[in-house]
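**Student:** Data: final19.cif, mmCIF, C-alpha atoms.
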```
data_run
#
loop_
_atom_site.label_atom_id
_atom_site.label_comp_id
_atom_site.auth_asym_id
_atom_site.auth_seq_id
_atom_site.Cartn_x
_atom_site.Cartn_y
_atom_site.Cartn_z
CA MET I 1 4.64 13.77 17.91
CA ARG I 2 3.83 16.64 20.28
CA GLY I 3 5.70 16.38 23.60
CA HIS I 4 7.98 13.56 22.45
CA ASP I 5 10.23 15.28 19.87
CA ARG I 6 9.69 12.28 17.61
CA GLU I 7 8.52 12.04 14.01
CA VAL I 8 5.84 9.54 13.11
CA ILE I 9 6.12 8.49 9.47
CA GLY I 10 3.52 6.62 7.47
CA LYS I 11 2.17 6.02 3.98
CA ARG I 12 -1.27 7.37 3.20
CA PRO I 13 -2.83 6.31 -0.09
CA GLU I 14 -5.85 8.46 -0.91
CA THR I 15 -8.49 8.21 -3.62
CA ALA I 16 -10.84 11.02 -4.55
CA ALA I 17 -13.82 10.86 -6.89
CA PHE I 18 -15.40 13.93 -8.44
CA VAL I 19 -18.72 14.57 -10.16
CA ALA I 20 -19.08 17.86 -12.04
CA GLY I 21 -15.92 19.17 -10.39
CA ARG I 22 -17.11 18.43 -6.85
CA LEU I 23 -15.69 15.88 -4.47
CA THR I 24 -18.14 13.00 -3.98
CA ASN I 25 -15.99 10.30 -2.42
CA PHE I 26 -12.69 10.40 -0.53
CA ARG I 27 -10.97 7.31 0.88
CA VAL I 28 -7.81 7.11 2.92
CA LEU I 29 -6.03 3.90 3.84
CA ILE I 30 -3.45 4.04 6.63
CA ASP I 31 -1.37 1.18 8.01
CA THR I 32 -2.26 1.88 11.63
CA PHE I 33 -0.03 -0.95 12.93
CA GLU I 34 2.98 1.00 11.73
CA LEU I 35 1.62 4.17 13.36
CA VAL I 36 0.76 2.45 16.66
CA GLU I 37 4.25 0.99 17.00
CA GLN I 38 5.79 4.41 16.34
CA THR I 39 3.37 6.06 18.77
CA VAL I 40 3.89 3.64 21.67
CA GLY I 41 7.61 3.60 20.89
CA TYR I 42 8.23 -0.14 20.99
CA PRO I 43 7.53 -3.14 18.73
CA ILE I 44 4.27 -4.93 19.50
CA ASN I 45 4.98 -8.54 20.44
CA LEU I 46 2.35 -10.31 18.38
CA PRO I 47 3.36 -13.97 18.85
CA ARG I 48 3.12 -13.50 22.64
CA MET I 49 -0.23 -11.81 22.18
CA ALA I 50 -1.49 -14.69 20.03
CA VAL I 51 -0.95 -17.27 22.81
CA MET R 1 0.00 -0.91 -24.68
CA THR R 2 -2.94 1.36 -24.01
CA GLU R 3 -4.18 2.45 -20.60
CA ARG R 4 -7.47 0.74 -21.39
CA SER R 5 -5.76 -2.61 -22.01
CA ASN R 6 -3.55 -2.16 -18.94
CA ARG R 7 -6.72 -1.62 -16.92
CA GLN R 8 -8.08 -4.90 -18.28
CA HIS R 9 -4.78 -6.68 -17.57
CA VAL R 10 -4.94 -5.59 -13.93
CA LEU R 11 -8.59 -6.63 -13.60
CA ASP R 12 -7.80 -10.02 -15.17
CA PHE R 13 -4.82 -10.40 -12.86
CA LEU R 14 -6.89 -9.64 -9.74
CA ASN R 15 -9.60 -12.03 -10.90
CA VAL R 16 -7.20 -14.96 -11.24
CA VAL R 17 -5.32 -14.11 -8.03
CA TYR R 18 -8.52 -14.08 -5.99
CA SER R 19 -9.88 -17.16 -7.75
CA GLY R 20 -6.90 -18.92 -6.17
CA ASP R 21 -5.37 -20.06 -9.48
CA VAL R 22 -1.68 -19.62 -8.66
CA GLU R 23 -0.28 -20.73 -12.04
CA ALA R 24 -2.69 -18.50 -13.98
CA SER R 25 -1.67 -15.62 -11.72
CA LEU R 26 2.02 -16.28 -12.42
CA GLU R 27 1.36 -16.35 -16.19
CA ARG R 28 0.24 -12.73 -15.87
CA CYS R 29 3.51 -11.67 -14.20
CA THR R 30 6.95 -10.95 -15.66
CA ASP R 31 9.78 -13.33 -14.70
CA ASP R 32 11.33 -10.62 -12.52
CA ILE R 33 8.07 -9.74 -10.76
CA GLU R 34 8.65 -7.83 -7.52
CA PHE R 35 6.15 -7.67 -4.64
CA LEU R 36 6.32 -5.56 -1.51
CA ALA R 37 3.78 -5.31 1.31
CA ASN R 38 5.00 -4.08 4.68
CA ALA R 39 3.40 -6.18 7.39
CA PRO R 40 4.17 -7.79 10.76
CA ILE R 41 5.51 -11.00 9.22
CA ASP R 42 5.39 -12.96 12.49
CA ILE R 43 1.60 -13.03 12.02
CA LEU R 44 1.55 -12.57 8.22
CA PRO R 45 4.60 -14.63 7.09
CA HIS R 46 3.37 -14.79 3.50
CA MET R 47 3.76 -11.02 3.07
CA GLY R 48 6.85 -8.80 3.01
CA HIS R 49 9.20 -8.64 0.00
CA ARG R 50 9.14 -11.22 -2.82
CA ARG R 51 11.07 -11.31 -6.07
CA GLY R 52 10.61 -13.69 -9.01
CA LYS R 53 7.95 -16.24 -9.86
CA ALA R 54 9.21 -18.93 -7.48
CA GLU R 55 8.84 -16.63 -4.47
CA MET R 56 5.44 -15.42 -5.69
CA ARG R 57 4.27 -19.03 -6.11
CA GLU R 58 5.40 -19.79 -2.54
CA MET R 59 3.53 -16.73 -1.23
CA TRP R 60 0.28 -17.47 -3.06
CA ASN R 61 0.41 -21.16 -2.06
CA ALA R 62 0.82 -20.06 1.57
CA VAL R 63 -2.26 -17.87 1.20
CA ARG R 64 -4.21 -20.76 -0.32
CA ALA R 65 -3.21 -22.99 2.60
CA ARG R 66 -4.32 -20.48 5.22
CA TYR R 67 -7.56 -19.37 3.61
CA SER R 68 -10.18 -21.64 2.10
CA GLU R 69 -12.01 -18.92 0.17
CA LEU R 70 -10.77 -15.71 -1.43
CA ARG R 71 -12.87 -12.98 -2.94
CA CYS R 72 -12.32 -9.36 -3.89
CA GLU R 73 -14.18 -6.28 -5.04
CA VAL R 74 -12.42 -3.50 -6.95
CA PRO R 75 -14.42 -0.28 -6.49
CA ILE R 76 -11.62 1.94 -7.81
CA LEU R 77 -9.02 1.26 -10.51
CA VAL R 78 -7.05 4.04 -12.15
CA THR R 79 -4.40 3.59 -14.86
CA GLU R 80 -1.84 6.03 -16.21
CA GLY R 81 0.71 4.81 -18.75
CA ASP R 82 2.30 1.64 -17.41
CA LYS R 83 1.04 2.24 -13.85
CA ALA R 84 -2.22 1.27 -12.17
CA ALA R 85 -3.65 1.93 -8.72
CA ALA R 86 -6.54 0.00 -7.23
CA PHE R 87 -8.60 0.17 -4.08
CA ILE R 88 -9.46 -3.44 -3.33
CA ARG R 89 -11.80 -4.88 -0.71
CA VAL R 90 -10.70 -8.41 0.12
CA PHE R 91 -12.58 -11.26 1.81
CA PHE R 92 -10.61 -14.28 3.08
CA ARG R 93 -12.15 -17.27 4.87
CA LYS R 94 -9.75 -18.71 7.45
CA SER R 95 -9.16 -22.46 6.91
CA ILE R 96 -8.67 -23.02 10.63
CA ASN R 97 -12.15 -21.96 11.78
CA GLN R 98 -14.04 -20.79 8.65
CA ARG R 99 -14.33 -17.22 9.96
CA MET R 100 -14.28 -14.49 7.33
CA VAL R 101 -11.63 -11.76 7.39
CA GLN R 102 -12.36 -8.56 5.48
CA PHE R 103 -9.86 -5.80 4.78
CA ASP R 104 -8.91 -3.15 2.21
CA ILE R 105 -5.79 -3.01 0.06
CA ALA R 106 -4.33 -0.04 -1.79
CA GLY R 107 -2.57 -1.82 -4.64
CA PHE R 108 -0.07 -0.18 -7.00
CA TYR R 109 0.99 -2.02 -10.15
CA THR R 110 3.59 -1.52 -12.86
CA LEU R 111 3.04 -3.31 -16.15
CA ARG R 112 5.48 -4.34 -18.87
CA ASP R 113 4.24 -5.79 -22.18
CA GLY R 114 0.85 -6.53 -20.66
CA LYS R 115 2.26 -8.33 -17.62
CA ILE R 116 2.56 -7.25 -14.01
CA SER R 117 6.18 -6.46 -13.14
CA GLN R 118 5.79 -4.72 -9.75
CA ILE R 119 3.21 -4.87 -6.98
CA ARG R 120 3.17 -2.59 -3.97
CA GLU R 121 0.40 -3.14 -1.43
CA ILE R 122 -0.59 -1.01 1.54
CA ILE R 123 -2.90 -2.59 4.09
CA ASP R 124 -4.17 -1.50 7.47
CA THR R 125 -2.33 -4.37 9.13
CA PHE R 126 -3.49 -3.41 12.66
CA ASP R 127 -7.08 -4.08 11.63
CA LEU R 128 -6.04 -7.26 9.80
CA VAL R 129 -4.02 -8.61 12.74
CA GLN R 130 -6.95 -8.02 15.10
CA GLN R 131 -9.22 -10.01 12.79
CA LEU R 132 -6.67 -12.83 12.41
CA LEU R 133 -5.92 -13.11 16.12
CA GLU R 134 -9.57 -12.45 17.01
CA ARG R 135 -8.24 -10.24 19.77
CA ASP R 136 -8.76 -6.54 20.54
CA VAL R 137 -5.08 -5.60 20.32
CA ALA R 138 -5.84 -1.93 21.05
CA ALA R 139 -7.45 -2.92 24.36
CA ILE R 140 -4.43 -5.02 25.30
CA LEU R 141 -2.09 -2.12 24.53
CA THR R 142 -4.15 0.47 26.39
CA GLY R 143 -5.45 -1.72 29.21
CA ARG R 144 -9.10 -1.00 28.52
CA ARG R 145 -11.88 -3.59 28.38
CA PRO R 146 -11.73 -5.47 25.01
CA ASP R 147 -14.39 -4.92 22.36
CA PRO R 148 -15.75 -8.02 20.61
CA ILE R 149 -13.92 -8.71 17.29
#
```
For the file at hand, write its structure as structure tokens.
**Tutor:**
Amino acid sequence: MRGHDREVIGKRPETAAFVAGRLTNFRVLIDTFELVEQTVGYPINLPRMAV
Amino acid sequence: MTERSNRQHVLDFLNVVYSGDVEASLERCTDDIEFLANAPIDILPHMGHRRGKAEMREMWNAVRARYSELRCEVPILVTEGDKAAAFIRVFFRKSINQRMVQFDIAGFYTLRDGKISQIREIIDTFDLVQQLLERDVAAILTGRRPDPI
């Protein structure tokens, strides 16, 4: 992460569909909760937030 | 076991899972079935790591208790040898207030003798948590005015 000397690591499943050799559909699914916690740098306290 | 039949096994498995039939779902799994879905388990206690049919039964029963209706669409399913990958759109109706939760799952399956032996799921849990809490978590974290969920 620029300016923080910290790596942000995540999984990124992607699907791509082609018709006649050309890309027609591209989907990416990212677990953004994991990325947000790494970006803010602390665990998000969900039970407190749920109250 | 052909890729075509493995594709059908996965489709059958997803159909019974999302019909809510726990025992029929377990019949389609090996005894040493392993499940992993990283998630904030304080809000999603039925997820995480599960091994064996007893733990899977407990997980699926917890899902059935929390959600009164389950439904899924599978727009993409790809199989290669004993592996399958699916893009699944899931609809859960919350038992507590009947509100519908909708999210996507990237599901990865390993099959053995026509049964599911490993499940790995990746979900955008930030989006899911916001729908479950019915709170704009991003607004709380950033201090901006919340958007309606």
**Student:** Which chain R residues have any atom within 10 Å of an atom of chain I, and for each, what is the nearest pair of atoms with distance in Å to one decimal, counting only C-alpha atoms, rows sorted by chain and number, as JSON lines?
**Tutor:**
```
{"residue": "R:Asn38", "atom": "CA", "partner": "I:Asp31", "partner_atom": "CA", "distance": 8.9}
{"residue": "R:Ala39", "atom": "CA", "partner": "I:Phe33", "partner_atom": "CA", "distance": 8.4}
{"residue": "R:Pro40", "atom": "CA", "partner": "I:Leu46", "partner_atom": "CA", "distance": 8.2}
{"residue": "R:Ile41", "atom": "CA", "partner": "I:Leu46", "partner_atom": "CA", "distance": 9.7}
{"residue": "R:Asp42", "atom": "CA", "partner": "I:Pro47", "partner_atom": "CA", "distance": 6.8}
{"residue": "R:Ile43", "atom": "CA", "partner": "I:Leu46", "partner_atom": "CA", "distance": 7.0}
{"residue": "R:Ile76", "atom": "CA", "partner": "I:Thr15", "partner_atom": "CA", "distance": 8.2}
{"residue": "R:Leu77", "atom": "CA", "partner": "I:Thr15", "partner_atom": "CA", "distance": 9.8}
{"residue": "R:Val78", "atom": "CA", "partner": "I:Thr15", "partner_atom": "CA", "distance": 9.6}
{"residue": "R:Ala85", "atom": "CA", "partner": "I:Thr15", "partner_atom": "CA", "distance": 9.4}
{"residue": "R:Ala86", "atom": "CA", "partner": "I:Thr15", "partner_atom": "CA", "distance": 9.2}
{"residue": "R:Phe87", "atom": "CA", "partner": "I:Thr15", "partner_atom": "CA", "distance": 8.1}
{"residue": "R:Asp104", "atom": "CA", "partner": "I:Leu29", "partner_atom": "CA", "distance": 7.8}
{"residue": "R:Ile105", "atom": "CA", "partner": "I:Leu29", "partner_atom": "CA", "distance": 7.9}
{"residue": "R:Ala106", "atom": "CA", "partner": "I:Pro13", "partner_atom": "CA", "distance": 6.7}
{"residue": "R:Gly107", "atom": "CA", "partner": "I:Pro13", "partner_atom": "CA", "distance": 9.3}
{"residue": "R:Phe108", "atom": "CA", "partner": "I:Pro13", "partner_atom": "CA", "distance": 9.9}
{"residue": "R:Ile122", "atom": "CA", "partner": "I:Asp31", "partner_atom": "CA", "distance": 6.9}
{"residue": "R:Ile123", "atom": "CA", "partner": "I:Asp31", "partner_atom": "CA", "distance": 5.6}
{"residue": "R:Asp124", "atom": "CA", "partner": "I:Asp31", "partner_atom": "CA", "distance": 3.9}
{"residue": "R:Thr125", "atom": "CA", "partner": "I:Phe33", "partner_atom": "CA", "distance": 5.6}
{"residue": "R:Phe126", "atom": "CA", "partner": "I:Phe33", "partner_atom": "CA", "distance": 4.3}
{"residue": "R:Asp127", "atom": "CA", "partner": "I:Thr32", "partner_atom": "CA", "distance": 7.7}
{"residue": "R:Leu128", "atom": "CA", "partner": "I:Phe33", "partner_atom": "CA", "distance": 9.3}
{"residue": "R:Val129", "atom": "CA", "partner": "I:Phe33", "partner_atom": "CA", "distance": 8.6}
{"residue": "R:Gln130", "atom": "CA", "partner": "I:Ala50", "partner_atom": "CA", "distance": 9.9}
{"residue": "R:Leu132", "atom": "CA", "partner": "I:Ala50", "partner_atom": "CA", "distance": 9.4}
{"residue": "R:Leu133", "atom": "CA", "partner": "I:Ala50", "partner_atom": "CA", "distance": 6.1}
{"residue": "R:Glu134", "atom": "CA", "partner": "I:Ala50", "partner_atom": "CA", "distance": 8.9}
{"residue": "R:Arg135", "atom": "CA", "partner": "I:Ala50", "partner_atom": "CA", "distance": 8.1}
{"residue": "R:Val137", "atom": "CA", "partner": "I:Met49", "partner_atom": "CA", "distance": 8.1}
{"residue": "R:Ala138", "atom": "CA", "partner": "I:Val36", "partner_atom": "CA", "distance": 9.1}
{"residue": "R:Ile140", "atom": "CA", "partner": "I:Met49", "partner_atom": "CA", "distance": 8.6}
{"residue": "R:Leu141", "atom": "CA", "partner": "I:Ile44", "partner_atom": "CA", "distance": 8.6}
{"residue": "R:Thr142", "atom": "CA", "partner": "I:Val40", "partner_atom": "CA", "distance": 9.8}
```
**Student:** What separation in Å, quoted to one decimal, exists between CA of Gln8 (chain R) and CA of Asp31 (chain R)?
**Tutor:**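 Value for the CA of Gln8 (chain R)-CA of Asp31 (chain R) distance: 20.1 Å.
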**Student:** Nearest to Ser19 (chain R): which of R:His46, R:Arg51, R:Val90, R:Leu70 is it, counting only C-alpha atoms?
**Tutor:**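 Distance minimum relative to Ser19 (chain R) lands on R:Leu70.
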**Student:** List as number ranges by chain the protein and nucleic acid residues near region 54-56 of chain R, meaning an atom at most 9 Å away when all atoms listed in the file are counted, but skip any in the same chain fewer than 5 places from it.
**Tutor:** R: 22, 26, 33-35, 61
**Student:** If you measure from CA of Ile119 (chain R) to CA of Lys94 (chain R), what distance in Å do you get, rounded to one decimal?
**Tutor:**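 One can read the CA of Ile119 (chain R) to CA of Lys94 (chain R) distance as 23.8 Å.
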**Student:** Which residue out of R:Ala139, R:Cys29, R:Val74, R:Val63 has the minimum interatomic distance to Leu111 (chain R) when all atoms listed in the file are used?
**Tutor:** R:Cys29
**Student:** How many Å separate CA of Thr79 (chain R) from CA of Glu121 (chain R)?
**Tutor:**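 Straight-line distance from CA of Thr79 (chain R) to CA of Glu121 (chain R) works out to 15.8 Å.
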**Student:** Where's the centre, and what are the edge lengths in Å to one decimal, of a box along x, y and z enclosing all listed atoms of region 105-123 of chain R padded 6 Å per side, as JSON?
**Tutor:**
```
{"center_x": 0.2, "center_y": -4.2, "center_z": -9.0, "size_x": 24.0, "size_y": 20.3, "size_z": 38.3}
```
**Student:** List, as a PDB file with C-alpha atoms, in the frame of the given file, every residue that the PyMOL selection byres ((chain I and resi 8) around 9) selects in the file provided.
**Tutor:**
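Listed below is the output, out-v8.pdb:
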```
ATOM      1  CA  MET I   1       4.640  13.770  17.910  1.00  0.00           C
ATOM      2  CA  ARG I   6       9.690  12.280  17.610  1.00  0.00           C
ATOM      3  CA  GLU I   7       8.520  12.040  14.010  1.00  0.00           C
ATOM      4  CA  ILE I   9       6.120   8.490   9.470  1.00  0.00           C
ATOM      5  CA  GLY I  10       3.520   6.620   7.470  1.00  0.00           C
ATOM      6  CA  LEU I  35       1.620   4.170  13.360  1.00  0.00           C
ATOM      7  CA  GLN I  38       5.790   4.410  16.340  1.00  0.00           C
ATOM      8  CA  THR I  39       3.370   6.060  18.770  1.00  0.00           C
TER       9      THR I  39
END
```
**Student:** So which residues get picked by the PyMOL selection byres ((chain R and resi 10-16) around 8) here, written as a list in words?
**Tutor:** Asn6, Arg7, Gln8, His9, Val17, Tyr18, Ser19, Gly20, Asp21, Val22, Ala24, Ser25, Arg28, Cys72, Ala84, Tyr109 and Ile116 of chain R
**Student:** What's around Glu69 (chain R) at 8 Å? Count only C-alpha atoms, leave out sequence neighbours fewer than 4 positions away in its own chain, and write the answer as a ChimeraX atom specification.
**Tutor:** /R:91-94
**Student:** For Glu58 (chain R), which residue among R:Glu80, R:Asp113, R:Glu23, R:Thr30 is the nearest when counting only C-alpha atoms?
**Tutor:** R:Glu23
**Student:** Tell me which of R:Lys115, R:Arg145, R:Arg4, R:Arg89 sits closest to Glu73 (chain R), counting all atoms listed in the file.
**Tutor:**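 Of R:Lys115, R:Arg145, R:Arg4, R:Arg89, the one nearest Glu73 (chain R) is R:Arg89, counting all atoms listed in the file.
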**Student:** R:Val101, R:Ser68, R:Ile96, R:Arg120: which is nearest Gly48 (chain R), counting all atoms listed in the file?
**Tutor:** R:Arg120
